[in-house]
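Q: Below you'll find the structure I mean.
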Amino acid sequence: MARKTDWKIPLFKIYWDEEDIRMVTDAIRRGMFWASGPNVEKLEARLADYIGTKYAVTFNSGTSALHAALLAYGIGKGDEVIVPSFTFISTANASLFVGARPVFADIEEQTFGLDPEDVVNKITPKTKAILPIHYGGCPCLINELKQVAERHNLLLIEDAAESLGAAIDGKKAGGYSDCGILSFCANKVITTGEGGAVVTNSADIFEKLKLIRSHGRAETANYFSSTEHMEYVTLGYNFRMSDITAALGIAQLNKIDKIIEIRQKNAAKMSQKLSGILGIEIPHQPENCRHVYQMYAIRVKQGQERRDALLARLAKKGIMAKVYFHPVHLTHFYQNTLKYNCSLPVTDKVSGQILTLPMYPSLTEDEICYITDEVAAFFNGE
Ligand SMILES: Cc1ncc(COP(=O)(O)O)c(C=O)c1O
C-alpha cells in the first residue's frame, strides 16, 4: 500500500498553537525538573478534573498505562480478560504483558464497541476483567457493560485511548469504570507526541500505579531533588511521562473542547456530503452521546475488495485513508504464534468494510469537498 510522506490530505494533522510552544519552552528554560516536575502533577490534576475522577496518573504511553493498570489490579497468570479484537493491538497485548490471556468478544454494529451479550458468552471462572474500547471517539455501550461487570463481579477497565472528551449524558469516557486509560499519541484528540494516563477513583490503585510507574519506589518527594532515602517496595518500571511532555499536555488540554467542537463540525460536513452515497454507511452518532471523532470511519457496504479499491483510489489522489482496525485475532502473532482461532462474525464483517478518512481540526471546506467528491466519483464509476 502507498507509503508516502507528501499526502495532499494526510489522515490526521496535529492542532497546536503558540501556547504549546510557550509551555514547552518554559519547561526547558527552567533548566531543572525535565523528568519528574510540577507540570506532571498539574496535568494529572487537570485530567482527573476533566474526566470527573478523583485521581489521574500520567504514563509515557497509553500502552504502558494499560500494562500498569492490569498490574495494579493484580491481573496475572491464569486470569482471562475479555477484550475486543476490533481495536489497536495493545488493548489485547496488555493481558499478555502480565501473563493473563486476552479473550476476544465480538462487537455490536451501533458503536463498534464490545457487544455486552457476547461478553456474557465469553465469561468463564477465570475471567477477571472486561476491557472495552470507545472506538474512534464514539462511546461504546459502557452502561450495559458495567451492568454485566457488576452482575458477574468483574473489573471493568475502560480503554479510552481514542476518546478523551467523549461522553454519554455528559459523563465522560474513562470515568465509568474501575479505571480508564488514555493515550496522547500523535493521532489522538489531544497529543503530546507520545503519552498516556490512567484515571481512577480508587486511592489504592492510584498509589499502586505510582509505584509501578517509577521502579516500585515509594516516592515521598521528587526523587531527583531530594536526598531522602526512598525504599523500593515492589517491582516497577520506568513508565514516567517527562515534565516537558506534561507541559505540552496541559497546553493541549486547555483547548480540548475547542478541538472537539471543530472536529464535530468537520465530521458533520463530511457526513452531510457523503450521506447520499448508497455504497457506504457514514458514522453513527448514538443518542445522548458526545462523539469526538478521533477517527471518521465509513463502512463500504460491498465489503473488503471494494473497500480496498476505494482506499487505493484515494491514495492515488493524494488522500490518505486507512483501515482501523484489522482484527487482532487475525494478526500473524495471534494466529500463528499464539494459535488463536476464534469466531467473531461482526468483527470480521466490520473490519472488512471499515475505512477511516482524514479527520482533523484544520481540515478545510475545500479539502472536505475534495475527499467527498472522490468518494462519490468512485461509487459513480467515474
Ligand atoms: C484503543 C487503543 N488502545 C491503546 C492504544 C495505545 O496507546 P499508545 O499508542 O499511546 O501506546 C491506542 C493507540 O494507539 C488505541 O487506539
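Going through the C-alpha cells in order, the chains are called A, B, and so on, while each chain numbers its residues from 1 and the ligands are numbered from 1 in the order shown.
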Enumerate residues in contact with ligand 1: an atom-to-atom distance of at most 10 Å, counting only C-alpha atoms and all ligand atoms. Format the result as a VMD selection string.
A: chain A and resid 59 to 67 84 86 to 94 132 to 137 158 to 163 181 to 188 191 to 197 294 to 295 324 to 325
Q: Could you name the residues that touch Leu344 (chain A) at 9 Å or less, counting only C-alpha atoms, but leaving out those on the same chain fewer than 4 positions away, as a compact mmCIF listing (two decimals) with N, CA and C atoms, in the first residue's frame?
A:
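So the final result, stored in out-v5.txt, reads:
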```
# COMPACT_ATOMS: atom_id res chain seq x y z
N SER A 85 -11.52 -7.59 19.54
CA SER A 85 -10.46 -7.82 18.58
C SER A 85 -10.40 -6.63 17.61
N PHE A 104 -11.24 -12.81 23.22
CA PHE A 104 -11.92 -11.86 22.34
C PHE A 104 -13.43 -12.07 22.34
N ALA A 105 -14.15 -10.95 22.49
CA ALA A 105 -15.60 -10.97 22.32
C ALA A 105 -15.93 -10.13 21.09
N ASP A 106 -17.10 -10.37 20.54
CA ASP A 106 -17.48 -9.66 19.31
C ASP A 106 -17.96 -8.24 19.64
N ILE A 107 -18.12 -7.45 18.59
CA ILE A 107 -18.60 -6.08 18.74
C ILE A 107 -20.04 -5.98 18.26
N ASP A 348 -15.35 -9.52 11.98
CA ASP A 348 -14.84 -9.85 10.65
C ASP A 348 -15.54 -9.02 9.58
N LYS A 349 -16.86 -8.90 9.72
CA LYS A 349 -17.62 -8.15 8.71
C LYS A 349 -17.22 -6.67 8.74
```
Q: Can you check which parts of region 235-351 of chain A lie within 8 Å of region 37-40 of chain A? Per residue, the shortest pair of atoms and distance in Å to one decimal, counting only C-alpha atoms, sorted by chain and number, as a Markdown table.
A:
```
| residue | atom | partner | partner_atom | distance |
| --- | --- | --- | --- | --- |
| A:Met241 | CA | A:Val40 | CA | 7.4 |
| A:Ser242 | CA | A:Val40 | CA | 7.3 |
| A:Asp243 | CA | A:Gly37 | CA | 5.2 |
| A:Ile244 | CA | A:Asn39 | CA | 7.6 |
| A:Ala246 | CA | A:Val40 | CA | 5.2 |
| A:Ala247 | CA | A:Asn39 | CA | 5.4 |
| A:Ile250 | CA | A:Asn39 | CA | 7.6 |
```
Q: In region 65-293 of chain A, what's strand (DSSP E) per DSSP? Answer as a VMD selection string?
A: chain A and resid 80 to 84 101 to 105 127 to 130 155 to 159 167 to 168 171 to 172 179 to 183 196 to 200 280 to 281 289 to 290
Q: For the residues selected in the previous step, produce a file with N, CA and C atoms as a compact mmCIF listing (two decimals), in the first residue's frame.
A:
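That gives us part-v9.txt:
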```txt
# COMPACT_ATOMS: atom_id res chain seq x y z
N GLU A 80 -8.21 -14.39 32.83
CA GLU A 80 -8.66 -14.02 31.49
C GLU A 80 -9.26 -12.61 31.52
N VAL A 81 -9.01 -11.89 30.44
CA VAL A 81 -9.55 -10.53 30.30
C VAL A 81 -10.31 -10.49 28.97
N ILE A 82 -11.56 -10.06 29.02
CA ILE A 82 -12.36 -10.02 27.79
C ILE A 82 -12.13 -8.68 27.08
N VAL A 83 -11.70 -8.79 25.83
CA VAL A 83 -11.33 -7.60 25.04
C VAL A 83 -11.96 -7.69 23.64
N PRO A 84 -12.06 -6.55 22.97
CA PRO A 84 -12.45 -6.63 21.56
C PRO A 84 -11.25 -7.02 20.71
N ARG A 101 -4.58 -14.06 29.84
CA ARG A 101 -5.00 -14.40 28.47
C ARG A 101 -6.09 -13.45 28.00
N PRO A 102 -5.84 -12.75 26.88
CA PRO A 102 -6.93 -11.96 26.31
C PRO A 102 -7.94 -12.89 25.63
N VAL A 103 -9.22 -12.69 25.96
CA VAL A 103 -10.29 -13.50 25.34
C VAL A 103 -11.13 -12.53 24.51
N PHE A 104 -11.24 -12.81 23.22
CA PHE A 104 -11.92 -11.86 22.34
C PHE A 104 -13.43 -12.07 22.34
N ALA A 105 -14.15 -10.95 22.49
CA ALA A 105 -15.60 -10.97 22.32
C ALA A 105 -15.93 -10.13 21.09
N THR A 127 -12.32 -15.49 34.27
CA THR A 127 -12.42 -14.08 33.85
C THR A 127 -12.24 -13.15 35.04
N LYS A 128 -11.36 -12.15 34.86
CA LYS A 128 -11.14 -11.17 35.92
C LYS A 128 -11.66 -9.78 35.53
N ALA A 129 -11.60 -9.48 34.23
CA ALA A 129 -11.94 -8.11 33.83
C ALA A 129 -12.54 -8.07 32.44
N ILE A 130 -13.31 -7.01 32.21
CA ILE A 130 -13.80 -6.68 30.86
C ILE A 130 -13.08 -5.39 30.48
N LEU A 155 -13.96 -6.83 37.14
CA LEU A 155 -13.44 -5.48 36.98
C LEU A 155 -13.85 -4.96 35.60
N LEU A 156 -14.07 -3.65 35.52
CA LEU A 156 -14.30 -3.01 34.22
C LEU A 156 -13.19 -1.98 34.03
N ILE A 157 -12.37 -2.21 33.03
CA ILE A 157 -11.25 -1.30 32.74
C ILE A 157 -11.50 -0.73 31.35
N GLU A 158 -11.62 0.58 31.29
CA GLU A 158 -12.05 1.23 30.05
C GLU A 158 -10.84 1.70 29.26
N ASP A 159 -10.67 1.21 28.07
CA ASP A 159 -9.62 1.73 27.20
C ASP A 159 -10.20 2.93 26.45
N ALA A 167 -18.54 11.38 25.69
CA ALA A 167 -19.40 11.28 26.88
C ALA A 167 -20.75 10.72 26.52
N ILE A 168 -21.43 10.17 27.54
CA ILE A 168 -22.84 9.79 27.42
C ILE A 168 -23.58 10.58 28.48
N LYS A 171 -21.51 12.39 30.98
CA LYS A 171 -20.50 11.67 31.79
C LYS A 171 -19.40 11.16 30.86
N LYS A 172 -18.16 11.52 31.21
CA LYS A 172 -17.06 11.31 30.26
C LYS A 172 -16.51 9.88 30.24
N CYS A 179 -11.12 1.79 36.27
CA CYS A 179 -10.13 2.78 35.82
C CYS A 179 -10.23 2.94 34.31
N GLY A 180 -9.81 4.09 33.84
CA GLY A 180 -9.84 4.39 32.40
C GLY A 180 -8.43 4.70 31.92
N ILE A 181 -8.18 4.29 30.68
CA ILE A 181 -6.84 4.51 30.10
C ILE A 181 -6.93 5.55 28.99
N LEU A 182 -5.97 6.46 28.98
CA LEU A 182 -5.93 7.50 27.93
C LEU A 182 -4.62 7.39 27.16
N SER A 183 -4.65 7.87 25.92
CA SER A 183 -3.41 7.95 25.13
C SER A 183 -3.29 9.36 24.57
N GLY A 196 0.42 8.91 27.95
CA GLY A 196 -0.81 8.22 28.35
C GLY A 196 -1.15 8.55 29.79
N ALA A 197 -2.25 8.01 30.26
CA ALA A 197 -2.66 8.23 31.65
C ALA A 197 -3.65 7.16 32.06
N VAL A 198 -3.78 6.98 33.37
CA VAL A 198 -4.86 6.17 33.94
C VAL A 198 -5.66 7.09 34.85
N VAL A 199 -6.96 7.03 34.75
CA VAL A 199 -7.82 7.78 35.67
C VAL A 199 -8.61 6.77 36.51
N THR A 200 -8.80 7.09 37.78
CA THR A 200 -9.50 6.17 38.68
C THR A 200 -10.04 6.92 39.89
N ILE A 280 -22.05 3.39 0.83
CA ILE A 280 -21.36 3.49 2.14
C ILE A 280 -22.35 3.78 3.27
N GLU A 281 -21.85 3.57 4.46
CA GLU A 281 -22.57 3.98 5.67
C GLU A 281 -21.69 4.99 6.38
N CYS A 289 -25.00 10.95 23.04
CA CYS A 289 -23.56 10.72 23.10
C CYS A 289 -22.78 11.88 22.51
N ARG A 290 -21.66 12.18 23.12
CA ARG A 290 -20.73 13.13 22.54
C ARG A 290 -19.63 12.31 21.85
```
Q: Which value, in Å to one decimal, gives the distance between CA of Leu355 (chain A) and CA of Glu382 (chain A)?
A: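 Distance between the two atoms: 19.8 Å.
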Q: Go through A:Gln285, A:Gln252, A:Gln335, A:Ser36 and flag the residue nearest Val189 (chain A), using only C-alpha atoms for the distances.
A: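 Closest to Val189 (chain A), using only C-alpha atoms: A:Gln252.
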Q: Write out as a PyMOL selection string the residues lying within 12 Å of Thr364 (chain A), counting only C-alpha atoms and excluding same-chain residues fewer than 6 positions away.
A: chain A and resi 9+13+262-263+265-267+269-270+358+370-371
